[in-house]
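J.: For reference, the structure I am asking about is given below.
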Amino acid sequence: MSDLPPYPPIEPTTFDLIIIGTGLPESVISAAASAVGKSVLHLDPNPFYGSHFASLSIPDITYFLNSHSTVSSDDHDLTTHPLYSEVEISNSAPELLNEHSRKFNLDLSGPRVLFCADQSVDLMLKSGASQYVEFKSIDASFVGDGDGKLWSVPDSRAAIFKDKSLGLMEKNQLMRFFKLVQGHLSKNEHEDNNMKISEEDLEIPFVEFLTTMKLPQKIKSMILYAIAMADYDQENTEGSKDLLKTKDGINRLALYNSSVGRFQNALGALIYPIYGQGELPQAFCRRAAVKGCIYVLRMPVISLLKDEDSGSYKGVRLASGQDIFSNKLVLDPSFTVPGTLATPPSEQLPECLLAYNPTDVNRKVSRGICITKSSLKPNLPNFMVVYPPKSLFPEQVAAIRVLQLGGSLAVCPSGMFVLYFSALCADADQGKKLLHATLNALQKLLDSENAESSLTIQGRDAEEVKPTILWSALYVQDLVMGQYGSISSTIMPDGNLNYTDLLDTTEKLFHKIYPNEEFFPETTSPEDCEDDAGLTLET
């Protein structure tokens, strides 16, 4: 390892916990363990924070995807296995992008947003990590179709009234439905019983309940896929892999509804961290460092140490040659534990600890990133689009989510835009088909906007203003479950838009590692006085 910087020896040489990898789950566990007084050494072989949750430049994300889609050739006992496949990277403007390549912060696990009222925001406020991140509101949400049309998703009564794409009857139906949901969620004991949804209706498929409300198909699609964020086709009640019950759908609507207006200067329900999602693991790492955690980047671990008497794990050997000891170890999911130390199947995370549904175990997530030089919608830089199942092609079984971000979020240079899109898939072939269909749909939107723009620009070559996809990366990511033992491993980014399930799993893993410790205990000590500061939202 001659390319390693000359690190001085790490002191002390014994810790309560060693963590390898700085992804979001590992960083949260590091901050939580440090907060309850555990001594933590946090290592990462990469030169950056975030691992599979990082935000990277064009050269770095290209290298990361390519290097993590092949079997590791390092002659180490602790090896990595490929978690990405079918990597396709295209660059149609190399000179332009080379000039600005370091001005991009591209999310490996996109698209991701945070609901203003979701668990990740609450955890950041409770832990104090919120003081290290700034957020910006997502301007709008849309539902798309295969004809290149985008339908606005109203997120409040006022938005319903203002929406010109909805007819008067549709507005009345939607208002009546939201009034029923708000009445059901109300804690007012004197609320009219007619405003409560029956226990019987709460147990039926959500799509059936929406049908009984006589909502038109367009409105049902908005509620199911752009507000309740259902992953799979809900209309196929017989064969759907992941059918939402009404009670689950109502809970998701409640999250969306409570997110609108939680922060005074947030326009809607969704927010995004300035500089990219990679800021979140860094924020928890900074919080851990304040509590005494030691960080060392660019430091590979070449082997795990085994106690010869008990045969159990006792420490790690670093690429610098130093041996470090600990009682427990948490690994990034890309690492393969040597057979003699591997966790027995009986100690793999039980179903209650999984971030994924049991049916997700053999699934993958197809992800795509595009860089364009114009917005999918004029004068609107930051917004989300959902393509419901079957909206792009008949065999499309999963919803596709697209997130466009502009230069105001510091993820790309001014005048350019980053598009993220993803969908759950059963295998790599299905994933590739979903990605290419999405790419075609986005290109159709860009061409449509270009046609309108060219009509308003006189005396210029239409080809000169034609928006193009400057760069793209398509890839399929494995969904890997974590495991618990003296050696634990975390999970890969899931297919959700937010981090709620992933953080639930991370908290449960923390409690398995430290069953008698509180997950980020409340504190009023002077050095934590700024923990109560609210979330910073740029207008």
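Chain labels run A, B, ... following the order of the structure tokens; each chain numbers its residues from 1, and ligands are numbered from 1 in the order shown.
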Neighbours of Asp233 of chain A within 10 Å (only C-alpha atoms; same-chain residues fewer than 2 positions away dropped), as a list in words?
T.: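 Surrounding residues, per the criterion: Val207, Leu224, Tyr225, Ala230, Asp231, Glu235, Asn236, Thr237, Gly239, Ser240, Lys241, Asp242, Leu243, Leu244, Pro388, Pro389, Lys390, Gln396, Val397, Ala398 and Ala399 of chain A.
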J.: Would you give me, as a ChimeraX atom specification, the residues in segment 182-371 of chain A that DSSP reads as helix (DSSP H, G or I)?
T.: /A:182-185,193-195,199-202,206-212,217-227,246-259,279-290,345-347,351-353,358-360
J.: Distance atom CA of Phe104 of chain A-atom CA of Ala289 of chain A, one decimal place?
T.: 26.6 Å
J.: Between atom CA of Phe383 of chain A and atom CA of Leu403 of chain A, what distance in Å does the model show, to one decimal?
T.: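 Atom-to-atom, atom CA of Phe383 of chain A to atom CA of Leu403 of chain A, that is 6.0 Å.
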J.: For atom CA of Leu125 of chain A and atom CA of Ala254 of chain A, quote the distance in Å rounded to one decimal.
T.: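 Atom CA of Leu125 of chain A sits 20.5 Å away from atom CA of Ala254 of chain A.
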J.: If we count only C-alpha atoms and set the cut-off at 8 Å, which residues sit around Phe417 of chain A, ignoring sequence neighbours fewer than 5 positions away in its own chain? Please answer as a PyMOL selection string.
T.: chain A and resi 371-375+381+404-407+412
J.: The selected residues should be written to file as a compact mmCIF listing (two decimals), in the first residue's frame (atoms: all heavy atoms).
T.:
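Resulting contents of selection_16.txt:
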```txt
# COMPACT_ATOMS: atom_id res chain seq x y z
N ILE A 371 -27.37 14.38 -16.49
CA ILE A 371 -27.05 15.81 -16.44
C ILE A 371 -27.57 16.44 -17.73
O ILE A 371 -27.27 15.95 -18.82
CB ILE A 371 -25.54 16.05 -16.29
CG1 ILE A 371 -25.03 15.45 -14.97
CG2 ILE A 371 -25.21 17.54 -16.36
CD1 ILE A 371 -23.52 15.43 -14.85
N THR A 372 -28.39 17.48 -17.60
CA THR A 372 -28.93 18.16 -18.77
C THR A 372 -28.57 19.64 -18.70
O THR A 372 -28.16 20.15 -17.66
CB THR A 372 -30.46 18.03 -18.85
OG1 THR A 372 -31.05 18.80 -17.79
CG2 THR A 372 -30.89 16.58 -18.70
N LYS A 373 -28.76 20.33 -19.80
CA LYS A 373 -28.51 21.77 -19.81
C LYS A 373 -29.79 22.59 -19.84
O LYS A 373 -29.76 23.79 -20.05
CB LYS A 373 -27.59 22.16 -20.96
CG LYS A 373 -28.08 21.80 -22.35
CD LYS A 373 -27.02 22.21 -23.37
CE LYS A 373 -27.48 21.86 -24.79
NZ LYS A 373 -26.44 22.17 -25.79
N SER A 374 -30.93 21.93 -19.64
CA SER A 374 -32.18 22.67 -19.47
C SER A 374 -33.13 21.86 -18.61
O SER A 374 -33.00 20.64 -18.48
CB SER A 374 -32.82 22.98 -20.82
OG SER A 374 -33.12 21.80 -21.51
N SER A 375 -34.10 22.55 -18.02
CA SER A 375 -35.05 21.92 -17.12
C SER A 375 -36.13 21.17 -17.90
O SER A 375 -36.47 21.52 -19.03
CB SER A 375 -35.72 22.99 -16.24
OG SER A 375 -36.75 22.44 -15.45
N PRO A 381 -36.76 24.69 -11.20
CA PRO A 381 -35.52 23.92 -11.12
C PRO A 381 -35.60 22.63 -10.31
O PRO A 381 -34.99 21.63 -10.67
CB PRO A 381 -34.55 24.89 -10.46
CG PRO A 381 -35.42 25.79 -9.64
CD PRO A 381 -36.72 25.91 -10.37
N GLN A 404 -35.60 16.12 -10.20
CA GLN A 404 -34.74 17.08 -10.88
C GLN A 404 -34.26 18.13 -9.89
O GLN A 404 -35.05 18.65 -9.11
CB GLN A 404 -35.48 17.78 -12.02
CG GLN A 404 -34.61 18.86 -12.69
CD GLN A 404 -35.32 19.65 -13.75
OE1 GLN A 404 -35.55 19.16 -14.85
NE2 GLN A 404 -35.68 20.90 -13.44
N LEU A 405 -32.97 18.42 -9.93
CA LEU A 405 -32.37 19.43 -9.06
C LEU A 405 -31.54 20.39 -9.90
O LEU A 405 -30.90 19.99 -10.87
CB LEU A 405 -31.48 18.77 -8.00
CG LEU A 405 -32.16 17.72 -7.10
CD1 LEU A 405 -31.12 17.02 -6.25
CD2 LEU A 405 -33.23 18.36 -6.23
N GLY A 406 -31.53 21.66 -9.50
CA GLY A 406 -30.77 22.67 -10.21
C GLY A 406 -29.60 23.20 -9.42
O GLY A 406 -29.31 22.75 -8.31
N GLY A 407 -28.93 24.20 -9.97
CA GLY A 407 -27.72 24.75 -9.37
C GLY A 407 -27.93 25.42 -8.03
O GLY A 407 -26.99 25.58 -7.25
N CYS A 412 -24.78 21.04 -8.96
CA CYS A 412 -24.29 21.18 -10.33
C CYS A 412 -24.07 22.66 -10.62
O CYS A 412 -24.56 23.52 -9.88
CB CYS A 412 -25.28 20.58 -11.34
SG CYS A 412 -26.90 21.38 -11.32
```
J.: Give one line per residue of segment 251-309 of chain A that approaches segment 133-151 of chain A to at most 9 Å, naming the two atoms of the closest pair and their distance in Å to one decimal, counting only C-alpha atoms; sort by chain then ascending residue number and deliver it as a Markdown table.
T.:
```
| residue | atom | partner | partner_atom | distance |
| --- | --- | --- | --- | --- |
| A:Asn265 | CA | A:Ser137 | CA | 8.0 |
| A:Ala266 | CA | A:Ser137 | CA | 5.2 |
| A:Leu267 | CA | A:Ser137 | CA | 5.9 |
| A:Gly268 | CA | A:Ile138 | CA | 6.9 |
| A:Ala269 | CA | A:Ile138 | CA | 7.9 |
| A:Leu270 | CA | A:Ile138 | CA | 5.5 |
| A:Ile271 | CA | A:Ser137 | CA | 4.3 |
| A:Tyr272 | CA | A:Phe135 | CA | 5.3 |
| A:Pro273 | CA | A:Phe135 | CA | 4.2 |
| A:Ile274 | CA | A:Phe135 | CA | 5.4 |
| A:Tyr275 | CA | A:Glu134 | CA | 8.7 |
| A:Glu279 | CA | A:Val133 | CA | 6.6 |
| A:Leu280 | CA | A:Val133 | CA | 7.2 |
| A:Gln282 | CA | A:Val133 | CA | 8.9 |
| A:Ala283 | CA | A:Val133 | CA | 6.6 |
```
J.: Pick from A:Ser27, A:Ala54, A:Cys293, A:Gln173: nearest to Ser109 of chain A, with only C-alpha atoms counted?
T.: A:Ala54
J.: Enumerate as a VMD selection string all residues of segment 166-304 of chain A assigned to strand (DSSP E) by DSSP on the backbone, naming them with the chain letters and numbers the document uses.
T.: chain A and resid 270 to 273 294 to 297 301 to 304
J.: Give me the residues within 10 Å of Cys285 of chain A as an NGL selection string, counting only C-alpha atoms and dropping any in the same chain fewer than 3 places off.
T.: :A and (22-24 or 26-31 or 42 or 49-50 or 129 or 279-282 or 288-291 or 293-295)
J.: Given the choices A:Gln131, A:Thr212, A:Gln477, A:Ser408, which gets closest to Lys432 of chain A if the distance is worked out from only C-alpha atoms?
T.: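 Using only C-alpha atoms, the shortest distance to Lys432 of chain A belongs to A:Gln477.
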J.: Could you make a table, as a Markdown table, of the residues of segment 34-121 of chain A that have an atom within 12 Å of an atom of segment 435-450 of chain A, each with its nearest atom pair and distance in Å to one decimal, counting only C-alpha atoms, in chain and number order?
T.:
```
| residue | atom | partner | partner_atom | distance |
| --- | --- | --- | --- | --- |
| A:Glu86 | CA | A:Leu435 | CA | 10.9 |
| A:Val87 | CA | A:Leu435 | CA | 11.3 |
| A:Glu88 | CA | A:Leu435 | CA | 10.6 |
```
J.: Residues within 9 Å of Thr500 of chain A, please, as a JSON list (two decimals) with all heavy atoms, in the first residue's frame. Count only C-alpha atoms; anything in the same chain fewer than 4 positions from it doesn't count.
T.:
```json
[["chain", "number", "residue", "atom", "x", "y", "z"],
["A", 118, "ASP", "N", -40.82, 13.72, 8.63],
["A", 118, "ASP", "CA", -40.48, 12.31, 8.77],
["A", 118, "ASP", "C", -39.41, 12.07, 9.83],
["A", 118, "ASP", "O", -38.87, 12.99, 10.43],
["A", 118, "ASP", "CB", -40.16, 11.65, 7.43],
["A", 118, "ASP", "CG", -38.78, 12.00, 6.86],
["A", 118, "ASP", "OD1", -37.95, 12.55, 7.60],
["A", 118, "ASP", "OD2", -38.56, 11.72, 5.66],
["A", 119, "GLN", "N", -39.14, 10.79, 10.05],
["A", 119, "GLN", "CA", -38.27, 10.36, 11.15],
["A", 119, "GLN", "C", -36.84, 10.88, 11.01],
["A", 119, "GLN", "O", -36.18, 11.18, 12.01],
["A", 119, "GLN", "CB", -38.26, 8.84, 11.20],
["A", 119, "GLN", "CG", -37.40, 8.24, 12.28],
["A", 119, "GLN", "CD", -37.39, 6.72, 12.25],
["A", 119, "GLN", "OE1", -38.33, 6.11, 11.75],
["A", 119, "GLN", "NE2", -36.34, 6.11, 12.75],
["A", 120, "SER", "N", -36.36, 10.98, 9.79],
["A", 120, "SER", "CA", -34.97, 11.43, 9.60],
["A", 120, "SER", "C", -34.78, 12.87, 10.06],
["A", 120, "SER", "O", -33.76, 13.22, 10.65],
["A", 120, "SER", "CB", -34.55, 11.27, 8.13],
["A", 120, "SER", "OG", -35.47, 11.92, 7.27],
["A", 355, "ALA", "N", -35.06, -3.40, 6.73],
["A", 355, "ALA", "CA", -35.62, -2.19, 6.16],
["A", 355, "ALA", "C", -36.51, -2.54, 4.99],
["A", 355, "ALA", "O", -37.34, -1.75, 4.57],
["A", 355, "ALA", "CB", -34.51, -1.26, 5.69],
["A", 496, "ASN", "N", -36.72, 3.27, -1.31],
["A", 496, "ASN", "CA", -37.66, 4.30, -0.87],
["A", 496, "ASN", "C", -37.16, 5.69, -1.23],
["A", 496, "ASN", "O", -35.97, 5.90, -1.48],
["A", 496, "ASN", "CB", -37.88, 4.22, 0.64],
["A", 496, "ASN", "CG", -38.57, 2.94, 1.06],
["A", 496, "ASN", "OD1", -39.28, 2.32, 0.27],
["A", 496, "ASN", "ND2", -38.35, 2.52, 2.29],
["A", 504, "ASP", "N", -35.15, 3.05, 10.81],
["A", 504, "ASP", "CA", -35.77, 2.09, 11.75],
["A", 504, "ASP", "C", -34.86, 0.89, 11.95],
["A", 504, "ASP", "O", -34.62, 0.44, 13.07],
["A", 504, "ASP", "CB", -37.12, 1.63, 11.21],
["A", 504, "ASP", "CG", -38.25, 2.57, 11.58],
["A", 504, "ASP", "OD1", -38.07, 3.35, 12.52],
["A", 504, "ASP", "OD2", -39.30, 2.52, 10.92],
["A", 505, "THR", "N", -34.36, 0.36, 10.84],
["A", 505, "THR", "CA", -33.48, -0.80, 10.89],
["A", 505, "THR", "C", -32.18, -0.47, 11.62],
["A", 505, "THR", "O", -31.68, -1.27, 12.42],
["A", 505, "THR", "CB", -33.16, -1.28, 9.47],
["A", 505, "THR", "OG1", -34.37, -1.59, 8.81],
["A", 505, "THR", "CG2", -32.28, -2.52, 9.49]]
```
J.: If you count only C-alpha atoms, which residues fall within 9 Å of Gly37 of chain A, apart from same-chain ones fewer than 2 positions away, as a compact mmCIF listing (two decimals) with N, CA, C and O atoms, in the first residue's frame?
T.:
```
# COMPACT_ATOMS: atom_id res chain seq x y z
N ALA A 33 -23.51 5.61 19.33
CA ALA A 33 -22.62 4.95 20.30
C ALA A 33 -21.76 5.98 21.02
O ALA A 33 -21.54 5.89 22.24
N SER A 34 -21.27 6.97 20.28
CA SER A 34 -20.45 8.02 20.91
C SER A 34 -21.27 8.82 21.90
O SER A 34 -20.76 9.25 22.94
N ALA A 35 -22.55 9.02 21.60
CA ALA A 35 -23.41 9.82 22.47
C ALA A 35 -23.65 9.16 23.82
O ALA A 35 -23.98 9.85 24.79
N SER A 39 -16.33 4.27 23.24
CA SER A 39 -15.16 4.68 22.46
C SER A 39 -15.27 4.05 21.07
O SER A 39 -15.45 2.85 20.95
N LYS A 291 -18.31 14.02 20.08
CA LYS A 291 -18.41 13.16 21.26
C LYS A 291 -17.20 12.25 21.45
O LYS A 291 -17.22 11.36 22.30
N GLY A 292 -16.14 12.45 20.64
CA GLY A 292 -14.90 11.72 20.89
C GLY A 292 -14.57 10.62 19.90
O GLY A 292 -13.52 9.97 20.03
```
J.: Which of these residues is nearest to Ala93 of chain A, using only C-alpha atoms: A:Ala428, A:Leu497, A:Cys370, A:Ile469?
T.: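 Using only C-alpha atoms, the shortest distance to Ala93 of chain A belongs to A:Ile469.
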